[in-house]
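Engineer: Handing you this structure, nothing more for now.
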Amino acid sequence: MPHVIAEPCIGEKDRACIDACPVDCIHPREEDDEGENQCYIDPDTCIDCGACVSVCPVEAIFPEEDLPDEWSGYIEINRKYFE
């Protein structure tokens, strides 16, 4: 299962996760109309290596099966970003 980026990423400017990803599956979204920005993981490209997890300064990246319940909606949010 791929990794998922959740709510703590919103507004985070550090993009170390992008550099850590060996398959370039993490993509930033620039600010939207509500002033929010964050990164997303392409679930079709993610190889589930976990390299991004340890470099995330806000602990926003989780294996899909370990995503806290309060952020379960981010599974679909990440998928929809790449449609």
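Within each chain, counting starts at residue 1; across the structure tokens, chains are named A, B, ... in the order shown, with ligands numbered 1 upward in that order.
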Check the DSSP output for the backbone and give back, as a list in words, the residues of chain A in helix (DSSP H, G or I).
Structural biologist: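 Of chain A, only Glu7, Pro8, Cys9, Ala16, Cys17, Ile18, Asp19, Ala20, Glu64, Glu65, Asp66, Asp69, Glu70, Trp71, Gly73, Tyr74, Ile75, Glu76, Ile77, Asn78, Arg79, Lys80 and Tyr81 of chain A fall in helix (DSSP H, G or I).
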Engineer: I'd like the contact shell of Leu67 (chain A) - 12 Å cut-off, only C-alpha atoms, skipping same-chain residues fewer than 4 positions apart - returned as a VMD selection string.
Structural biologist: chain A and resid 1 to 7 59 to 63 71 to 75
Engineer: Report as a PyMOL selection string: the residues of chain A with a DSSP assignment of strand (DSSP E), based on the backbone of this structure.
Structural biologist: chain A and resi 3-5+26-29+38-41+61-63
Engineer: Please provide as a PDB file with N, CA and C atoms, in the first residue's frame all residues within 12 Å of Arg15 (chain A), with the sequence filter that same-chain residues fewer than 2 positions apart are discarded (counting only C-alpha atoms).
Structural biologist:
```pdb
ATOM      1  N   CYS A   9       0.749  18.431   6.932  1.00  0.00           N
ATOM      2  CA  CYS A   9       1.535  18.991   5.828  1.00  0.00           C
ATOM      3  C   CYS A   9       0.989  20.332   5.351  1.00  0.00           C
ATOM      4  N   ILE A  10      -0.273  20.610   5.606  1.00  0.00           N
ATOM      5  CA  ILE A  10      -0.871  21.849   5.106  1.00  0.00           C
ATOM      6  C   ILE A  10      -0.088  23.035   5.654  1.00  0.00           C
ATOM      7  N   GLY A  11       0.397  23.848   4.738  1.00  0.00           N
ATOM      8  CA  GLY A  11       1.147  25.039   5.102  1.00  0.00           C
ATOM      9  C   GLY A  11       2.628  24.814   5.335  1.00  0.00           C
ATOM     10  N   GLU A  12       3.074  23.578   5.333  1.00  0.00           N
ATOM     11  CA  GLU A  12       4.491  23.266   5.565  1.00  0.00           C
ATOM     12  C   GLU A  12       5.293  23.627   4.320  1.00  0.00           C
ATOM     13  N   LYS A  13       6.378  24.364   4.518  1.00  0.00           N
ATOM     14  CA  LYS A  13       7.214  24.809   3.397  1.00  0.00           C
ATOM     15  C   LYS A  13       8.392  23.878   3.131  1.00  0.00           C
ATOM     16  N   CYS A  17      10.833  15.791   1.795  1.00  0.00           N
ATOM     17  CA  CYS A  17      10.237  14.527   1.354  1.00  0.00           C
ATOM     18  C   CYS A  17      10.393  14.338  -0.151  1.00  0.00           C
ATOM     19  N   ILE A  18      10.297  15.418  -0.899  1.00  0.00           N
ATOM     20  CA  ILE A  18      10.428  15.338  -2.359  1.00  0.00           C
ATOM     21  C   ILE A  18      11.828  14.864  -2.731  1.00  0.00           C
ATOM     22  N   ASP A  19      12.834  15.439  -2.081  1.00  0.00           N
ATOM     23  CA  ASP A  19      14.221  15.056  -2.360  1.00  0.00           C
ATOM     24  C   ASP A  19      14.519  13.626  -1.922  1.00  0.00           C
ATOM     25  N   ALA A  20      13.851  13.151  -0.876  1.00  0.00           N
ATOM     26  CA  ALA A  20      14.114  11.813  -0.340  1.00  0.00           C
ATOM     27  C   ALA A  20      13.481  10.700  -1.169  1.00  0.00           C
ATOM     28  N   CYS A  21      12.476  11.019  -1.949  1.00  0.00           N
ATOM     29  CA  CYS A  21      11.742   9.997  -2.694  1.00  0.00           C
ATOM     30  C   CYS A  21      12.553   9.500  -3.891  1.00  0.00           C
ATOM     31  N   ILE A  26       6.238  12.208  -5.033  1.00  0.00           N
ATOM     32  CA  ILE A  26       5.688  13.262  -4.180  1.00  0.00           C
ATOM     33  C   ILE A  26       5.674  14.567  -4.959  1.00  0.00           C
ATOM     34  N   HIS A  27       4.499  15.201  -4.986  1.00  0.00           N
ATOM     35  CA  HIS A  27       4.320  16.422  -5.760  1.00  0.00           C
ATOM     36  C   HIS A  27       3.713  17.507  -4.880  1.00  0.00           C
ATOM     37  N   PRO A  28       4.247  18.723  -4.978  1.00  0.00           N
ATOM     38  CA  PRO A  28       3.679  19.823  -4.190  1.00  0.00           C
ATOM     39  C   PRO A  28       2.479  20.451  -4.887  1.00  0.00           C
ATOM     40  N   ARG A  29       1.541  20.903  -4.107  1.00  0.00           N
ATOM     41  CA  ARG A  29       0.451  21.725  -4.635  1.00  0.00           C
ATOM     42  C   ARG A  29       0.692  23.120  -4.106  1.00  0.00           C
ATOM     43  N   ASN A  37      -1.473  24.911   1.071  1.00  0.00           N
ATOM     44  CA  ASN A  37      -0.576  24.181   0.188  1.00  0.00           C
ATOM     45  C   ASN A  37      -0.090  22.952   0.935  1.00  0.00           C
ATOM     46  N   GLN A  38       0.240  21.924   0.211  1.00  0.00           N
ATOM     47  CA  GLN A  38       0.777  20.719   0.802  1.00  0.00           C
ATOM     48  C   GLN A  38       1.312  19.833  -0.303  1.00  0.00           C
ATOM     49  N   CYS A  39       1.892  18.717   0.067  1.00  0.00           N
ATOM     50  CA  CYS A  39       2.390  17.747  -0.906  1.00  0.00           C
ATOM     51  C   CYS A  39       1.445  16.554  -0.950  1.00  0.00           C
ATOM     52  N   TYR A  40       1.503  15.836  -2.076  1.00  0.00           N
ATOM     53  CA  TYR A  40       0.698  14.643  -2.263  1.00  0.00           C
ATOM     54  C   TYR A  40       1.580  13.526  -2.798  1.00  0.00           C
ATOM     55  N   CYS A  52      10.546   8.861   2.700  1.00  0.00           N
ATOM     56  CA  CYS A  52      10.015  10.192   2.976  1.00  0.00           C
ATOM     57  C   CYS A  52       9.594  10.386   4.436  1.00  0.00           C
ATOM     58  N   VAL A  53       9.251   9.310   5.100  1.00  0.00           N
ATOM     59  CA  VAL A  53       8.678   9.390   6.447  1.00  0.00           C
ATOM     60  C   VAL A  53       9.637  10.041   7.432  1.00  0.00           C
ATOM     61  N   VAL A  55      12.121  12.058   7.021  1.00  0.00           N
ATOM     62  CA  VAL A  55      12.559  13.428   6.756  1.00  0.00           C
ATOM     63  C   VAL A  55      11.436  14.454   6.886  1.00  0.00           C
ATOM     64  N   CYS A  56      10.220  14.002   7.073  1.00  0.00           N
ATOM     65  CA  CYS A  56       9.089  14.927   7.199  1.00  0.00           C
ATOM     66  C   CYS A  56       9.158  15.636   8.555  1.00  0.00           C
ATOM     67  N   PRO A  57       9.311  16.966   8.552  1.00  0.00           N
ATOM     68  CA  PRO A  57       9.468  17.684   9.818  1.00  0.00           C
ATOM     69  C   PRO A  57       8.192  17.775  10.655  1.00  0.00           C
ATOM     70  N   VAL A  58       7.044  17.508  10.039  1.00  0.00           N
ATOM     71  CA  VAL A  58       5.783  17.619  10.769  1.00  0.00           C
ATOM     72  C   VAL A  58       5.086  16.272  10.946  1.00  0.00           C
ATOM     73  N   ALA A  60       3.808  14.052   8.862  1.00  0.00           N
ATOM     74  CA  ALA A  60       2.543  14.016   8.129  1.00  0.00           C
ATOM     75  C   ALA A  60       2.413  12.825   7.201  1.00  0.00           C
TER      76      ALA A  60
END
```
Engineer: Quick check, in Å to one decimal: how far apart do CA of Pro22 (chain A) and CA of Glu76 (chain A) lie?
Structural biologist: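 CA of Glu76 (chain A) lies 23.1 Å from CA of Pro22 (chain A).
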